[in-house]
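**Student:** The structure follows.
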Amino acid sequence: MKDAITFIKHNLKYIIPTLILAMVILICLLNVEIYQTNQKVTTDNFDALNYQDYSGSLTISGESDGFKYEWFYSQSMLTDCQDTDLNLIFTSQYDDAIQSSLSSDYHCAYYFSESLKLNGYPTLTVYVPNVKPLTEFKLYAFDPIEGSFTQLSMAYNLTEDAYSITYAVSDTQCIYIITANEVLETTVTSKQITLDTTVTTFESDSTTLESLELTTTSTSQSTIQTTDTDTQTQVTTSTDNYTISSNENATSERELSDGSQVTQDDYLTDPVPIGKPLPVEPNDITITYDDYYTCYLTIKCDTILDNMDNLTFGKEIYVPSDGIIYNTQEVIFYEGESVYDVLYRETEKNGIQMESSFTPVYNSVYIEGINNLYEFDCGSLSGWVYSVNDWFPNYGCSRYMLAQGDNIVFYYTCSLGQDVGCVVSEVS
């Protein structure tokens, strides 16, 4: 025993570095294992039986006949683990029916394998190669037995080399058809979002960003112009014995403020301006996956570019050159979901770091950091705020229930909101 103690004393300067090195190696090995667990898999090597105890998000990519596609399971969306075949099968069998009924310049059609098992509530993104300018994308479900085409809701975005069509898969038996028209010289080739913003004001009872995000009021106008038609009116036509209909998804009406609230609610929310959505308590909402809708999401931190001298040392690597962390995208959401649900899913899907915490006094989630940029990283008045349709709600983003077409923007502010369109006025 004495010899062992003597040995340790004499070799302590070697033992400690050895232990530290062993710990570093162990951590690296664990990180490699975690990375392998969360890495993207393909439709060819995906084995659902290996994910029975998996609780994270999962992206499964595939490619068929020159088309790339991705299945995405958000956290907790992988609810079952049956053996499945997630490959898409593209076909030209129904070209005549499509061309005679849908009258589009471009189309592609595909269906699923009979052995497909959804194993939960995934979304599917199909990438149409950008070989020529296309616009007016639409998604249809075709029933060849009934001879019917049903237009579906979908989120459309233009990437560098492809057009992406995203939707939530529910029907696994139909033929899915994507149509588009060629762009004329006078046609806008991409989505345009214009914001006509009036002076925005909000009230705050403290100078912390948490109270800023959760206690704001503002008024403004927003206009969104798109080249495609995501929500169609109900219409049914018949062409060559084929029926064409539109399956319009309209979110349930939100309760709007009538101005009757004159004091704070149970969660310290000041009266909501007339005509703006009232907050919804997360515990009172049940999310359903039968219907899905589309909205827009943007995440930006361009205000930091004018305040780099105040930025915490080392954080500059997380600030994009144009200040855009997540460029405006049309995304899907489910009935009853909140702004936070969309933010969580899209950052998770796109590998963007996001950290939040629940604040009981406000009964809401508070966004602490996105893309490793946190409150106070760029001065004592810096942090994250959000707007919907260019209004800065005076409650947290997990209490804001979404409706079809909402335009969500998360801003990093360096001056308690003033640099993103808010005018601060302190109240006692």
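Ligands are numbered from 1 in the order shown, residues from 1 within each chain, and chains are lettered A, B, ... in the order they appear in the structure tokens.
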Can you tell me which residues surround region 284-291 of chain A at a distance of at most 7 Å, considering only C-alpha atoms, apart from same-chain residues fewer than 6 positions away, and format the answer as a compact mmCIF listing (two decimals) with N, CA and C atoms, in the first residue's frame?

**Tutor:**
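Dumped to result19.txt:
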# COMPACT_ATOMS: atom_id res chain seq x y z
N ASN A 249 -57.35 23.44 -47.12
CA ASN A 249 -57.20 23.32 -45.68
C ASN A 249 -57.31 24.71 -45.06
N TYR A 334 -49.13 21.85 -38.39
CA TYR A 334 -50.33 21.06 -38.15
C TYR A 334 -51.34 21.85 -37.31
N GLU A 335 -52.57 21.39 -37.37
CA GLU A 335 -53.66 22.04 -36.63
C GLU A 335 -53.31 22.14 -35.15
N GLY A 336 -53.35 23.35 -34.62
CA GLY A 336 -53.10 23.59 -33.19
C GLY A 336 -51.67 23.93 -32.86
N GLU A 337 -50.77 23.90 -33.84
CA GLU A 337 -49.37 24.19 -33.53
C GLU A 337 -49.12 25.68 -33.35

**Student:** Write out as a list in words the residues lying within 10 Å of Val361 (chain A), counting only C-alpha atoms and excluding same-chain residues fewer than 2 positions away.

**Tutor:**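 In the requested format, the answer is Asp266, Tyr267, Leu268, Phe358, Thr359, Asn363 and Ser364 of chain A.
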
**Student:** Which residues are close to Phe376 (chain A), i.e. within 9 Å by only C-alpha atoms, leaving aside same-chain residues fewer than 5 positions away? Reply as JSON, numbers by chain.

**Tutor:** {"A": [209, 311, 312, 381, 382, 383, 414]}

**Student:** Just write the chosen residues, all heavy atoms, as a compact mmCIF listing (two decimals), in the first residue's frame.

**Tutor:**
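Wrote out-v9.txt, looks like this:
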# COMPACT_ATOMS: atom_id res chain seq x y z
N LEU A 209 -34.55 40.90 -22.18
CA LEU A 209 -35.12 40.43 -23.44
C LEU A 209 -36.23 39.43 -23.21
O LEU A 209 -37.11 39.27 -24.04
CB LEU A 209 -34.03 39.82 -24.31
CG LEU A 209 -33.58 40.72 -25.44
CD1 LEU A 209 -34.69 40.91 -26.44
CD2 LEU A 209 -33.11 42.06 -24.92
N LEU A 311 -19.96 42.46 -30.04
CA LEU A 311 -20.21 41.02 -30.06
C LEU A 311 -19.20 40.28 -29.20
O LEU A 311 -17.99 40.57 -29.24
CB LEU A 311 -20.15 40.50 -31.49
CG LEU A 311 -20.58 39.05 -31.72
CD1 LEU A 311 -22.04 38.86 -31.35
CD2 LEU A 311 -20.35 38.64 -33.17
N THR A 312 -19.69 39.31 -28.43
CA THR A 312 -18.82 38.49 -27.60
C THR A 312 -17.73 37.85 -28.45
O THR A 312 -18.00 37.32 -29.53
CB THR A 312 -19.63 37.39 -26.89
OG1 THR A 312 -20.64 38.02 -26.08
CG2 THR A 312 -18.75 36.52 -26.02
N LEU A 381 -28.61 44.91 -24.20
CA LEU A 381 -29.99 44.99 -24.67
C LEU A 381 -30.25 44.05 -25.84
O LEU A 381 -31.20 44.25 -26.60
CB LEU A 381 -30.31 46.43 -25.10
CG LEU A 381 -30.11 47.52 -24.04
CD1 LEU A 381 -30.46 48.89 -24.61
CD2 LEU A 381 -30.92 47.24 -22.79
N SER A 382 -29.43 43.03 -25.98
CA SER A 382 -29.53 42.16 -27.15
C SER A 382 -30.23 40.84 -26.81
O SER A 382 -30.23 40.39 -25.66
CB SER A 382 -28.13 41.87 -27.71
OG SER A 382 -27.34 41.14 -26.79
N GLY A 383 -30.79 40.23 -27.84
CA GLY A 383 -31.47 38.95 -27.68
C GLY A 383 -32.47 38.73 -28.81
O GLY A 383 -32.49 39.47 -29.80
N CYS A 414 -30.24 44.21 -31.08
CA CYS A 414 -29.12 44.69 -30.27
C CYS A 414 -29.51 45.88 -29.41
O CYS A 414 -28.69 46.38 -28.64
CB CYS A 414 -27.94 45.08 -31.18
SG CYS A 414 -27.26 43.72 -32.15

**Student:** Which is closest to Ser357 (chain A) among A:Gly120, A:Gly323, A:Pro273, A:Gly396, if we use only C-alpha atoms?

**Tutor:**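 Of the candidates, the smallest distance to Ser357 (chain A) is held by A:Gly396.
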
**Student:** Just to confirm, what's the straight-line distance from CA of Gly66 (chain A) to CA of Lys132 (chain A) in Å (one decimal)?

**Tutor:** 15.0 Å

**Student:** Residues near Ser387 (chain A), anyone? I mean within 7 Å using only C-alpha atoms, not counting same-chain ones fewer than 2 positions away, as a PyMOL selection string.

**Tutor:** chain A and resi 389-393+408-410

**Student:** Store the residues picked out above in a file with N, CA and C atoms, as a short mmCIF file (atom, residue, chain, number, x, y, z; two decimals), in the first residue's frame.

**Tutor:**
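Dumped to result.cif:
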data_model
loop_
_atom_site.label_atom_id
_atom_site.label_comp_id
_atom_site.auth_asym_id
_atom_site.auth_seq_id
_atom_site.Cartn_x
_atom_site.Cartn_y
_atom_site.Cartn_z
N ASN A 389 -46.81 38.28 -39.06
CA ASN A 389 -47.45 39.24 -39.95
C ASN A 389 -47.06 40.67 -39.57
N ASP A 390 -45.80 40.80 -39.18
CA ASP A 390 -45.17 42.09 -38.83
C ASP A 390 -45.74 42.71 -37.56
N TRP A 391 -46.39 41.91 -36.76
CA TRP A 391 -46.82 42.36 -35.43
C TRP A 391 -46.00 41.63 -34.38
N PHE A 392 -45.50 42.38 -33.40
CA PHE A 392 -44.71 41.77 -32.33
C PHE A 392 -45.65 41.44 -31.17
N PRO A 393 -46.05 40.16 -31.04
CA PRO A 393 -47.00 39.80 -29.97
C PRO A 393 -46.45 40.11 -28.59
N ILE A 408 -43.82 34.45 -40.17
CA ILE A 408 -43.09 34.49 -38.91
C ILE A 408 -41.67 34.97 -39.17
N VAL A 409 -41.19 35.91 -38.36
CA VAL A 409 -39.80 36.36 -38.44
C VAL A 409 -39.23 36.40 -37.03
N PHE A 410 -38.09 35.73 -36.85
CA PHE A 410 -37.33 35.84 -35.61
C PHE A 410 -36.16 36.78 -35.86
#

**Student:** Report as a tab-separated table: every residue of region 118-145 of chain A with an atom at most 10 Å from region 181-184 of chain A, its closest pair of atoms, and their distance in Å to one decimal, counting only C-alpha atoms, with rows sorted by chain and ascending residue number.

**Tutor:**
residue	atom	partner	partner_atom	distance
A:Lys132	CA	A:Glu182	CA	7.7
A:Pro133	CA	A:Val183	CA	5.4
A:Leu134	CA	A:Glu182	CA	4.5
A:Thr135	CA	A:Asn181	CA	5.4
A:Glu136	CA	A:Asn181	CA	5.9
A:Phe137	CA	A:Asn181	CA	7.2
A:Lys138	CA	A:Asn181	CA	9.5

**Student:** Need the shell around region 372-374 of chain A: protein/DNA/RNA residues with any atom at most 8 Å away, counting only C-alpha atoms. Skip same-chain ones fewer than 5 positions apart. Format as a list in words?

**Tutor:**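 Skipping anything fewer than 5 positions along the chain leaves Lys315, Tyr318, Gln353, Met354, Gly383 and Trp384 of chain A.
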
**Student:** Pull N, CA, C and O atoms from the residues just selected and write them as a PDB file, in the first residue's frame.

**Tutor:**
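Output contents, as saved in again_6.pdb:
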ATOM      1  N   LYS A 315     -17.850  34.765 -31.164  1.00  0.00           N
ATOM      2  CA  LYS A 315     -19.198  34.553 -31.689  1.00  0.00           C
ATOM      3  C   LYS A 315     -19.336  34.977 -33.157  1.00  0.00           C
ATOM      4  O   LYS A 315     -20.343  34.669 -33.798  1.00  0.00           O
ATOM      5  N   TYR A 318     -20.520  32.664 -35.964  1.00  0.00           N
ATOM      6  CA  TYR A 318     -21.925  32.248 -36.064  1.00  0.00           C
ATOM      7  C   TYR A 318     -22.794  33.287 -36.766  1.00  0.00           C
ATOM      8  O   TYR A 318     -24.003  33.070 -36.920  1.00  0.00           O
ATOM      9  N   GLN A 353     -28.694  25.264 -34.524  1.00  0.00           N
ATOM     10  CA  GLN A 353     -28.751  25.175 -33.058  1.00  0.00           C
ATOM     11  C   GLN A 353     -29.823  26.115 -32.521  1.00  0.00           C
ATOM     12  O   GLN A 353     -29.963  27.261 -32.973  1.00  0.00           O
ATOM     13  N   MET A 354     -30.621  25.630 -31.585  1.00  0.00           N
ATOM     14  CA  MET A 354     -31.640  26.449 -30.940  1.00  0.00           C
ATOM     15  C   MET A 354     -31.819  25.967 -29.515  1.00  0.00           C
ATOM     16  O   MET A 354     -31.898  24.770 -29.257  1.00  0.00           O
ATOM     17  N   GLY A 383     -30.795  40.226 -27.837  1.00  0.00           N
ATOM     18  CA  GLY A 383     -31.475  38.950 -27.675  1.00  0.00           C
ATOM     19  C   GLY A 383     -32.469  38.733 -28.814  1.00  0.00           C
ATOM     20  O   GLY A 383     -32.489  39.474 -29.798  1.00  0.00           O
ATOM     21  N   TRP A 384     -33.321  37.725 -28.670  1.00  0.00           N
ATOM     22  CA  TRP A 384     -34.238  37.333 -29.735  1.00  0.00           C
ATOM     23  C   TRP A 384     -35.663  37.824 -29.472  1.00  0.00           C
ATOM     24  O   TRP A 384     -36.164  37.718 -28.339  1.00  0.00           O
TER      25      TRP A 384
END
